[in-house]
$ cat data_18.cif   # mmCIF, C-alpha atoms
data_run
#
loop_
_atom_site.label_atom_id
_atom_site.label_comp_id
_atom_site.auth_asym_id
_atom_site.auth_seq_id
_atom_site.Cartn_x
_atom_site.Cartn_y
_atom_site.Cartn_z
CA MET A 1 18.17 16.41 -120.76
CA GLY A 2 16.24 19.27 -122.37
CA GLU A 3 12.76 20.25 -121.28
CA GLY A 4 10.93 21.35 -124.41
CA LYS A 5 10.64 24.53 -126.44
CA ASN A 6 10.08 27.08 -123.66
CA ASN A 7 12.45 25.80 -120.99
CA ASP A 8 15.41 24.34 -122.83
CA PRO A 9 18.87 25.41 -121.60
CA LEU A 10 20.84 23.08 -123.86
CA GLY A 11 18.71 23.82 -126.89
CA GLN A 12 18.71 27.60 -126.52
CA ALA A 13 22.46 27.64 -125.91
CA ALA A 14 22.99 25.50 -129.01
CA LEU A 15 20.77 27.77 -131.12
CA ASP A 16 22.71 30.82 -129.92
CA TYR A 17 26.01 29.12 -130.74
CA LEU A 18 24.77 28.24 -134.23
CA SER A 19 23.81 31.90 -134.76
CA GLY A 20 27.43 32.88 -134.19
CA LYS A 21 27.67 33.64 -130.48
CA ARG A 22 30.78 32.29 -128.75
CA GLY A 23 32.10 31.86 -125.21
CA LEU A 24 28.74 30.46 -124.08
CA GLU A 25 28.34 28.30 -120.98
CA ILE A 26 25.52 26.28 -119.46
CA LYS A 27 25.42 26.39 -115.66
CA VAL A 28 25.13 23.03 -113.93
CA GLN A 29 24.25 22.50 -110.27
CA SER A 30 24.21 19.19 -108.43
CA ASN A 31 23.77 17.90 -104.91
CA ILE A 32 27.22 16.28 -104.70
CA VAL A 33 29.82 18.67 -106.15
CA GLU A 34 30.38 22.39 -106.58
CA ASP A 35 28.59 24.26 -109.35
CA ASP A 36 30.07 23.69 -112.79
CA VAL A 37 29.58 24.78 -116.41
CA ILE A 38 29.35 23.06 -119.79
CA PRO A 39 31.15 25.03 -122.53
CA VAL A 40 28.62 25.10 -125.37
CA ASP A 41 31.30 24.70 -128.04
CA TYR A 42 32.03 21.24 -126.60
CA LEU A 43 28.61 20.07 -127.81
CA PHE A 44 29.79 20.79 -131.38
CA ARG A 45 33.03 18.75 -131.24
CA ASP A 46 34.09 16.68 -134.23
CA TYR A 47 35.59 13.18 -134.19
CA ARG A 48 39.15 14.43 -133.64
CA HIS A 49 38.14 16.23 -130.45
CA MET A 50 36.03 13.45 -128.96
CA PRO A 51 37.37 11.45 -126.01
CA ASN A 52 38.81 8.07 -126.92
CA LEU A 53 35.84 6.20 -125.44
CA GLU A 54 33.44 8.14 -127.66
CA GLN A 55 35.51 7.37 -130.75
CA MET A 56 35.52 3.70 -129.82
CA ALA A 57 31.76 3.73 -129.25
CA LEU A 58 31.12 5.11 -132.74
CA ASN A 59 33.35 2.42 -134.23
CA HIS A 60 31.27 -0.27 -132.46
CA CYS A 61 27.96 0.93 -133.92
CA SER A 62 26.42 -1.26 -136.62
CA GLY A 63 23.15 -1.69 -138.50
CA LYS A 64 20.39 0.81 -137.82
CA VAL A 65 21.45 3.09 -134.96
CA LEU A 66 19.34 5.13 -132.54
CA ASP A 67 21.40 7.93 -130.99
CA ILE A 68 19.51 8.53 -127.73
CA GLY A 69 20.01 11.97 -126.21
CA GLY A 70 21.96 12.87 -129.34
CA ALA A 71 21.86 16.63 -128.62
CA VAL A 72 23.16 18.71 -131.55
CA GLY A 73 24.13 15.65 -133.59
CA SER A 74 27.90 15.41 -133.28
CA HIS A 75 27.84 11.62 -132.98
CA ALA A 76 25.09 11.17 -135.56
CA LEU A 77 26.98 13.28 -138.10
CA GLU A 78 30.10 11.16 -137.69
CA LEU A 79 28.06 7.99 -138.17
CA GLN A 80 26.43 9.45 -141.28
CA LYS A 81 29.90 10.14 -142.72
CA LYS A 82 30.62 6.43 -142.33
CA GLY A 83 27.43 5.50 -144.19
CA VAL A 84 25.62 4.31 -141.06
CA GLU A 85 21.82 4.67 -140.96
CA VAL A 86 21.29 6.69 -137.77
CA THR A 87 18.33 8.39 -136.11
CA LEU A 88 18.81 11.05 -133.44
CA LEU A 89 16.34 11.09 -130.53
CA ASP A 90 16.27 13.97 -128.04
CA THR A 91 13.75 15.76 -125.83
CA SER A 92 15.34 19.17 -126.46
CA TYR A 93 13.46 21.12 -129.13
CA GLY A 94 16.38 23.47 -129.70
CA CYS A 95 18.97 20.71 -129.97
CA CYS A 96 16.83 18.90 -132.53
CA GLN A 97 16.50 22.11 -134.54
CA VAL A 98 20.26 22.55 -134.49
CA ALA A 99 20.92 18.91 -135.39
CA ARG A 100 18.69 19.25 -138.45
CA GLN A 101 20.42 22.48 -139.50
CA ARG A 102 23.82 20.78 -139.13
CA GLY A 103 22.74 18.04 -141.52
CA VAL A 104 21.46 15.16 -139.41
CA ARG A 105 18.93 13.52 -141.72
CA ASN A 106 16.74 11.65 -139.22
CA VAL A 107 15.83 13.64 -136.08
CA ILE A 108 13.02 12.87 -133.64
CA ASN A 109 12.07 15.30 -130.85
CA GLU A 110 10.55 12.89 -128.31
CA ASP A 111 11.15 11.37 -124.89
CA PHE A 112 12.96 8.03 -124.73
CA TYR A 113 10.32 6.40 -122.51
CA THR A 114 7.33 7.41 -124.65
CA PHE A 115 9.00 6.92 -128.03
CA GLU A 116 7.11 4.36 -130.15
CA PRO A 117 9.05 3.84 -133.39
CA ALA A 118 7.73 2.13 -136.50
CA GLU A 119 10.92 0.05 -136.63
CA LYS A 120 13.48 -1.40 -134.26
CA TYR A 121 17.20 -0.77 -134.12
CA ASP A 122 20.38 -2.82 -134.16
CA THR A 123 22.37 -0.42 -131.97
CA LEU A 124 21.21 1.96 -129.27
CA LEU A 125 23.86 4.59 -128.54
CA LEU A 126 23.90 6.35 -125.16
CA MET A 127 26.91 8.63 -124.84
CA MET A 128 27.96 11.23 -122.26
CA ASN A 129 26.68 8.96 -119.48
CA GLY A 130 23.40 8.49 -121.28
CA ILE A 131 22.36 5.71 -118.92
CA GLY A 132 21.66 8.61 -116.60
CA LEU A 133 18.21 8.42 -118.23
CA ALA A 134 17.53 5.54 -115.88
CA ALA A 135 17.61 8.15 -113.07
CA ALA A 136 18.14 5.69 -110.20
CA ILE A 137 19.03 2.07 -109.52
CA ASP A 138 15.42 1.19 -108.71
CA HIS A 139 14.36 2.52 -112.12
CA LEU A 140 16.72 0.28 -114.11
CA PRO A 141 14.07 -2.42 -114.81
CA VAL A 142 11.90 0.21 -116.54
CA PHE A 143 14.91 1.45 -118.49
CA PHE A 144 15.90 -2.05 -119.62
CA ALA A 145 12.31 -2.90 -120.55
CA LYS A 146 12.25 0.09 -122.91
CA VAL A 147 15.60 -0.91 -124.38
CA LYS A 148 14.15 -4.35 -125.17
CA GLU A 149 11.23 -2.69 -126.97
CA LEU A 150 13.61 -0.76 -129.21
CA LEU A 151 16.18 -3.45 -130.07
CA ASN A 152 16.13 -5.91 -132.91
CA GLU A 153 17.02 -9.52 -132.15
CA GLY A 154 20.79 -9.64 -131.78
CA GLY A 155 20.93 -5.91 -131.12
CA LYS A 156 23.11 -4.11 -128.58
CA LEU A 157 23.20 -1.09 -126.32
CA ILE A 158 26.46 0.88 -126.26
CA LEU A 159 26.99 3.25 -123.35
CA ASP A 160 29.57 4.92 -121.19
CA SER A 161 29.37 5.79 -117.51
CA SER A 162 31.57 6.60 -114.53
CA ASP A 163 32.09 5.19 -111.06
CA LEU A 164 31.70 8.22 -108.79
CA ARG A 165 33.37 6.51 -105.85
CA TYR A 166 36.44 8.65 -106.56
CA LEU A 167 34.51 11.56 -105.04
CA TYR A 168 34.57 9.75 -101.70
CA ILE A 169 38.14 8.42 -101.67
CA ASP A 170 40.03 11.63 -102.38
CA GLU A 171 43.21 11.58 -100.31
CA ASP A 172 42.91 15.21 -99.30
CA SER A 173 39.24 15.38 -98.39
CA TYR A 174 37.80 11.95 -97.75
CA CYS A 175 34.07 11.95 -97.10
CA GLU A 176 31.48 9.27 -96.53
CA ALA A 177 29.23 8.21 -99.38
CA PRO A 178 25.52 8.66 -98.61
CA GLU A 179 24.03 5.64 -96.86
CA GLU A 180 20.39 6.19 -97.81
CA GLN A 181 20.96 5.79 -101.55
CA TYR A 182 23.46 4.62 -104.14
CA TYR A 183 26.28 7.15 -104.39
CA GLY A 184 25.89 7.44 -108.16
CA GLU A 185 22.34 8.84 -107.97
CA VAL A 186 22.69 12.57 -108.52
CA MET A 187 20.23 15.49 -108.64
CA TYR A 188 20.93 18.16 -111.25
CA THR A 189 19.59 21.46 -112.53
CA MET A 190 20.81 23.18 -115.68
CA GLU A 191 20.51 26.87 -116.50
CA TYR A 192 21.20 29.11 -119.49
CA GLY A 193 19.86 32.65 -119.67
CA THR A 194 16.15 32.54 -118.77
CA HIS A 195 15.99 28.78 -119.33
CA LYS A 196 16.30 26.55 -116.28
CA THR A 197 15.32 22.93 -115.77
CA ALA A 198 13.47 21.58 -112.79
CA PRO A 199 15.70 19.33 -110.65
CA PHE A 200 16.13 15.94 -112.31
CA GLU A 201 17.73 12.64 -111.31
CA TRP A 202 20.72 11.32 -113.23
CA LEU A 203 22.45 7.99 -112.67
CA PHE A 204 26.15 7.21 -112.75
CA ILE A 205 26.76 3.49 -112.24
CA ASP A 206 29.91 1.49 -111.55
CA PRO A 207 30.69 -1.39 -113.95
CA VAL A 208 30.31 -4.17 -111.38
CA LEU A 209 26.82 -3.08 -110.39
CA LEU A 210 25.83 -2.45 -114.02
CA ALA A 211 26.94 -5.95 -114.98
CA GLN A 212 24.80 -7.37 -112.15
CA LYS A 213 21.72 -5.30 -113.00
CA ALA A 214 22.11 -5.99 -116.71
CA LYS A 215 22.12 -9.75 -116.07
CA GLU A 216 19.07 -9.47 -113.79
CA ASN A 217 17.23 -7.78 -116.66
CA GLY A 218 18.30 -10.17 -119.42
CA PHE A 219 21.42 -8.48 -120.80
CA LEU A 220 25.03 -9.61 -121.14
CA PHE A 221 27.63 -7.02 -120.03
CA ASN A 222 30.75 -6.74 -122.18
CA LYS A 223 33.21 -4.03 -121.19
CA ILE A 224 34.88 -2.55 -124.26
CA ALA A 225 37.41 -0.29 -122.53
CA ASP A 226 38.27 1.67 -119.41
CA GLY A 227 38.72 5.43 -119.57
CA GLU A 228 41.32 7.58 -117.88
CA HIS A 229 39.41 8.41 -114.70
CA TYR A 230 36.92 5.86 -113.36
CA ASP A 231 34.93 5.93 -116.60
CA TYR A 232 34.31 3.01 -118.97
CA LEU A 233 32.62 1.95 -122.19
CA THR A 234 30.47 -1.15 -122.45
CA SER A 235 28.20 -3.03 -124.81
CA LEU A 236 25.06 -4.73 -123.46
CA SER A 237 23.43 -7.41 -125.57
CA LEU A 238 20.26 -9.43 -125.01
CA ILE A 239 20.80 -12.87 -123.50
CA ASN A 240 19.30 -15.51 -125.79
#

$ encode --input "data_18.cif" --output "structure tokens"
Amino acid sequence: MGEGKNNDPLGQAALDYLSGKRGLEIKVQSNIVEDDVIPVDYLFRDYRHMPNLEQMALNHCSGKVLDIGGAVGSHALELQKKGVEVTLLDTSYGCCQVARQRGVRNVINEDFYTFEPAEKYDTLLLMMNGIGLAAAIDHLPVFFAKVKELLNEGGKLILDSSDLRYLYIDEDSYCEAPEEQYYGEVMYTMEYGTHKTAPFEWLFIDPVLLAQKAKENGFLFNKIADGEHYDYLTSLSLIN
């Protein structure tokens, strides 16, 4: 979700945190809910402070792992502790710098869609709604095509996401979901200090639709667990 060295809210916030600054927040704006913030210290959480779905996801990783959008390396560091061979991939220059300083051994500062690795992976890890990289429902075929390029035979994609329908069924303030597009397609901007992203698309997808789209693109959907509030963890594997 970062945008390079000179316009990198997540990365600059992470670098400031690593230098000792505390109480930092990244401002987040979207077209569907009120403005929000990401506490920067949350990016640095250890295994004990990760949500249950994240802990489960790490326990389902096997073989060579590519941690896509791995940010400051919290997941990669936990996998390294378990002896897992993991590579962190992120577009944020600052986050990659921080991940290296924290001890992540393999860090690549590149975009998911243009990444051309010398090897393939057994597990692709996409946490914190990483499938948002697909941007929109219509873009899922491109996303799945890239996943196929990166996976070894028998490999799997582990991801979490949320069904945002709860935003439209609130008992106190029911509102209609947008008709012109899927309700999980969201526009965001992120801001920290002088760093601000351009608006970008991010996809939240319900499990029923993901299972359908996965099958259409040659993947088998296997839900691992449901979260506490319309979120879920799943493993997608190539259909032989």

$ closest_residue --input "data_18.cif" --among "A:Leu10, A:Ile137, A:Met190, A:Leu18" --to "Arg102 (chain A)" --atoms "all atoms listed in the file"
A:Leu18

$ residues_around --input "data_18.cif" --residues "Glu85 (chain A)" --least-positions-apart "6" --cutoff "7 Å" --atoms "only C-alpha atoms" --output "PyMOL selection string"
chain A and resi 63-65

$ resolve_selection --input "data_18.cif" --expression "the PyMOL selection byres ((chain A and resi 129) around 9)" --output "PyMOL selection string"
chain A and resi 126-128+130-133+159-162+202-204

$ write_last_selection --input "data_18.cif" --atoms "C-alpha atoms" --output "short mmCIF file (atom, residue, chain, number, x, y, z; two decimals), in the coordinates of the input"
data_model
loop_
_atom_site.label_atom_id
_atom_site.label_comp_id
_atom_site.auth_asym_id
_atom_site.auth_seq_id
_atom_site.Cartn_x
_atom_site.Cartn_y
_atom_site.Cartn_z
CA LEU A 126 23.90 6.35 -125.16
CA MET A 127 26.91 8.63 -124.84
CA MET A 128 27.96 11.23 -122.26
CA GLY A 130 23.40 8.49 -121.28
CA ILE A 131 22.36 5.71 -118.92
CA GLY A 132 21.66 8.61 -116.60
CA LEU A 133 18.21 8.42 -118.23
CA LEU A 159 26.99 3.25 -123.35
CA ASP A 160 29.57 4.92 -121.19
CA SER A 161 29.37 5.79 -117.51
CA SER A 162 31.57 6.60 -114.53
CA TRP A 202 20.72 11.32 -113.23
CA LEU A 203 22.45 7.99 -112.67
CA PHE A 204 26.15 7.21 -112.75
#

$ atom_distance --input "data_18.cif" --atom1 "CA of Leu164 (chain A)" --atom2 "CA of Lys223 (chain A)"
17.5 Å

$ atom_distance --input "data_18.cif" --atom1 "CA of Ser235 (chain A)" --atom2 "CA of Gln80 (chain A)"
20.7 Å

$ closest_residue --input "data_18.cif" --among "A:Leu66, A:Tyr188, A:Asp8, A:Leu209" --to "Glu119 (chain A)" --atoms "only C-alpha atoms"
A:Leu66

$ closest_residue --input "data_18.cif" --among "A:Pro9, A:Gly193, A:Pro51, A:Pro207" --to "Gly227 (chain A)" --atoms "only C-alpha atoms"
A:Pro51

$ atom_distance --input "data_18.cif" --atom1 "CA of Ser62 (chain A)" --atom2 "CA of Ile158 (chain A)"
10.6 Å

$ residues_around --input "data_18.cif" --residues "Val142 (chain A)" --least-positions-apart "2" --cutoff "12 Å" --atoms "all atoms listed in the file" --output "mmCIF file with C-alpha atoms, in the coordinates of the input"
data_model
loop_
_atom_site.group_PDB
_atom_site.id
_atom_site.type_symbol
_atom_site.label_atom_id
_atom_site.label_comp_id
_atom_site.auth_asym_id
_atom_site.auth_seq_id
_atom_site.Cartn_x
_atom_site.Cartn_y
_atom_site.Cartn_z
ATOM 1 C CA PHE A 112 12.960 8.030 -124.730
ATOM 2 C CA TYR A 113 10.320 6.400 -122.510
ATOM 3 C CA THR A 114 7.330 7.410 -124.650
ATOM 4 C CA LEU A 133 18.210 8.420 -118.230
ATOM 5 C CA ALA A 134 17.530 5.540 -115.880
ATOM 6 C CA ALA A 135 17.610 8.150 -113.070
ATOM 7 C CA ALA A 136 18.140 5.690 -110.200
ATOM 8 C CA ILE A 137 19.030 2.070 -109.520
ATOM 9 C CA ASP A 138 15.420 1.190 -108.710
ATOM 10 C CA HIS A 139 14.360 2.520 -112.120
ATOM 11 C CA LEU A 140 16.720 0.280 -114.110
ATOM 12 C CA PHE A 144 15.900 -2.050 -119.620
ATOM 13 C CA ALA A 145 12.310 -2.900 -120.550
ATOM 14 C CA LYS A 146 12.250 0.090 -122.910
ATOM 15 C CA VAL A 147 15.600 -0.910 -124.380
ATOM 16 C CA LYS A 148 14.150 -4.350 -125.170
ATOM 17 C CA GLU A 149 11.230 -2.690 -126.970
ATOM 18 C CA LYS A 213 21.720 -5.300 -113.000
ATOM 19 C CA ALA A 214 22.110 -5.990 -116.710
ATOM 20 C CA ASN A 217 17.230 -7.780 -116.660
#

$ residues_around --input "data_18.cif" --residues "Tyr183 (chain A)" --least-positions-apart "2" --cutoff "12 Å" --atoms "only C-alpha atoms" --output "tab-separated table (two decimals) with C-alpha atoms, in the coordinates of the input"
chain	number	residue	atom	x	y	z
A	31	ASN	CA	23.77	17.90	-104.91
A	32	ILE	CA	27.22	16.28	-104.70
A	136	ALA	CA	18.14	5.69	-110.20
A	137	ILE	CA	19.03	2.07	-109.52
A	162	SER	CA	31.57	6.60	-114.53
A	163	ASP	CA	32.09	5.19	-111.06
A	164	LEU	CA	31.70	8.22	-108.79
A	165	ARG	CA	33.37	6.51	-105.85
A	166	TYR	CA	36.44	8.65	-106.56
A	167	LEU	CA	34.51	11.56	-105.04
A	168	TYR	CA	34.57	9.75	-101.70
A	175	CYS	CA	34.07	11.95	-97.10
A	176	GLU	CA	31.48	9.27	-96.53
A	177	ALA	CA	29.23	8.21	-99.38
A	178	PRO	CA	25.52	8.66	-98.61
A	179	GLU	CA	24.03	5.64	-96.86
A	180	GLU	CA	20.39	6.19	-97.81
A	181	GLN	CA	20.96	5.79	-101.55
A	185	GLU	CA	22.34	8.84	-107.97
A	186	VAL	CA	22.69	12.57	-108.52
A	187	MET	CA	20.23	15.49	-108.64
A	202	TRP	CA	20.72	11.32	-113.23
A	203	LEU	CA	22.45	7.99	-112.67
A	204	PHE	CA	26.15	7.21	-112.75
A	205	ILE	CA	26.76	3.49	-112.24
A	206	ASP	CA	29.91	1.49	-111.55
A	209	LEU	CA	26.82	-3.08	-110.39

$ decode --input "data_18.cif" --residues "region 8-67 of chain A" --atoms "C-alpha atoms" --output "PDB file, in the first residue's frame"
ATOM      1  CA  ASP A   8       5.269   6.658   1.598  1.00  0.00           C
ATOM      2  CA  PRO A   9       2.977   7.206   4.615  1.00  0.00           C
ATOM      3  CA  LEU A  10       3.330   3.704   6.026  1.00  0.00           C
ATOM      4  CA  GLY A  11       7.063   3.590   5.475  1.00  0.00           C
ATOM      5  CA  GLN A  12       7.835   7.011   6.930  1.00  0.00           C
ATOM      6  CA  ALA A  13       5.642   6.322   9.954  1.00  0.00           C
ATOM      7  CA  ALA A  14       7.407   2.994  10.491  1.00  0.00           C
ATOM      8  CA  LEU A  15      10.843   4.625  10.204  1.00  0.00           C
ATOM      9  CA  ASP A  16       9.832   7.268  12.755  1.00  0.00           C
ATOM     10  CA  TYR A  17       8.547   4.584  15.118  1.00  0.00           C
ATOM     11  CA  LEU A  18      11.801   2.631  14.787  1.00  0.00           C
ATOM     12  CA  SER A  19      13.736   5.808  15.654  1.00  0.00           C
ATOM     13  CA  GLY A  20      11.907   5.953  18.983  1.00  0.00           C
ATOM     14  CA  LYS A  21       8.876   8.151  18.335  1.00  0.00           C
ATOM     15  CA  ARG A  22       5.629   6.921  19.885  1.00  0.00           C
ATOM     16  CA  GLY A  23       1.915   7.743  19.723  1.00  0.00           C
ATOM     17  CA  LEU A  24       2.069   7.905  15.917  1.00  0.00           C
ATOM     18  CA  GLU A  25      -0.982   7.490  13.704  1.00  0.00           C
ATOM     19  CA  ILE A  26      -1.578   7.150   9.980  1.00  0.00           C
ATOM     20  CA  LYS A  27      -4.714   8.916   8.750  1.00  0.00           C
ATOM     21  CA  VAL A  28      -7.011   6.845   6.556  1.00  0.00           C
ATOM     22  CA  GLN A  29      -9.859   8.211   4.436  1.00  0.00           C
ATOM     23  CA  SER A  30     -12.349   6.158   2.446  1.00  0.00           C
ATOM     24  CA  ASN A  31     -15.495   6.684   0.433  1.00  0.00           C
ATOM     25  CA  ILE A  32     -17.694   4.473   2.636  1.00  0.00           C
ATOM     26  CA  VAL A  33     -16.956   5.232   6.300  1.00  0.00           C
ATOM     27  CA  GLU A  34     -15.769   8.108   8.464  1.00  0.00           C
ATOM     28  CA  ASP A  35     -12.083   8.983   8.586  1.00  0.00           C
ATOM     29  CA  ASP A  36     -10.017   6.613  10.692  1.00  0.00           C
ATOM     30  CA  VAL A  37      -6.418   6.114  11.867  1.00  0.00           C
ATOM     31  CA  ILE A  38      -3.951   3.220  12.008  1.00  0.00           C
ATOM     32  CA  PRO A  39      -1.887   3.265  15.221  1.00  0.00           C
ATOM     33  CA  VAL A  40       1.676   2.760  13.990  1.00  0.00           C
ATOM     34  CA  ASP A  41       2.610   0.553  16.938  1.00  0.00           C
ATOM     35  CA  TYR A  42       0.068  -2.000  15.669  1.00  0.00           C
ATOM     36  CA  LEU A  43       2.296  -2.640  12.646  1.00  0.00           C
ATOM     37  CA  PHE A  44       4.985  -3.875  15.074  1.00  0.00           C
ATOM     38  CA  ARG A  45       2.826  -6.418  16.941  1.00  0.00           C
ATOM     39  CA  ASP A  46       4.266  -9.775  17.924  1.00  0.00           C
ATOM     40  CA  TYR A  47       2.553 -13.166  17.729  1.00  0.00           C
ATOM     41  CA  ARG A  48       0.842 -12.783  21.112  1.00  0.00           C
ATOM     42  CA  HIS A  49      -0.878  -9.589  20.007  1.00  0.00           C
ATOM     43  CA  MET A  50      -1.984 -10.786  16.574  1.00  0.00           C
ATOM     44  CA  PRO A  51      -5.660 -11.577  15.963  1.00  0.00           C
ATOM     45  CA  ASN A  52      -6.510 -15.272  16.072  1.00  0.00           C
ATOM     46  CA  LEU A  53      -6.958 -15.466  12.295  1.00  0.00           C
ATOM     47  CA  GLU A  54      -3.437 -14.119  11.749  1.00  0.00           C
ATOM     48  CA  GLN A  55      -1.990 -16.662  14.162  1.00  0.00           C
ATOM     49  CA  MET A  56      -3.836 -19.436  12.353  1.00  0.00           C
ATOM     50  CA  ALA A  57      -2.611 -18.178   8.981  1.00  0.00           C
ATOM     51  CA  LEU A  58       1.023 -18.333  10.101  1.00  0.00           C
ATOM     52  CA  ASN A  59       0.500 -21.877  11.353  1.00  0.00           C
ATOM     53  CA  HIS A  60      -0.826 -22.887   7.897  1.00  0.00           C
ATOM     54  CA  CYS A  61       2.246 -21.618   6.029  1.00  0.00           C
ATOM     55  CA  SER A  62       4.586 -24.273   4.653  1.00  0.00           C
ATOM     56  CA  GLY A  63       7.526 -24.603   2.272  1.00  0.00           C
ATOM     57  CA  LYS A  64       8.916 -21.427   0.741  1.00  0.00           C
ATOM     58  CA  VAL A  65       6.681 -18.500   1.702  1.00  0.00           C
ATOM     59  CA  LEU A  66       6.172 -15.137  -0.009  1.00  0.00           C
ATOM     60  CA  ASP A  67       4.733 -12.597   2.434  1.00  0.00           C
TER      61      ASP A  67
END
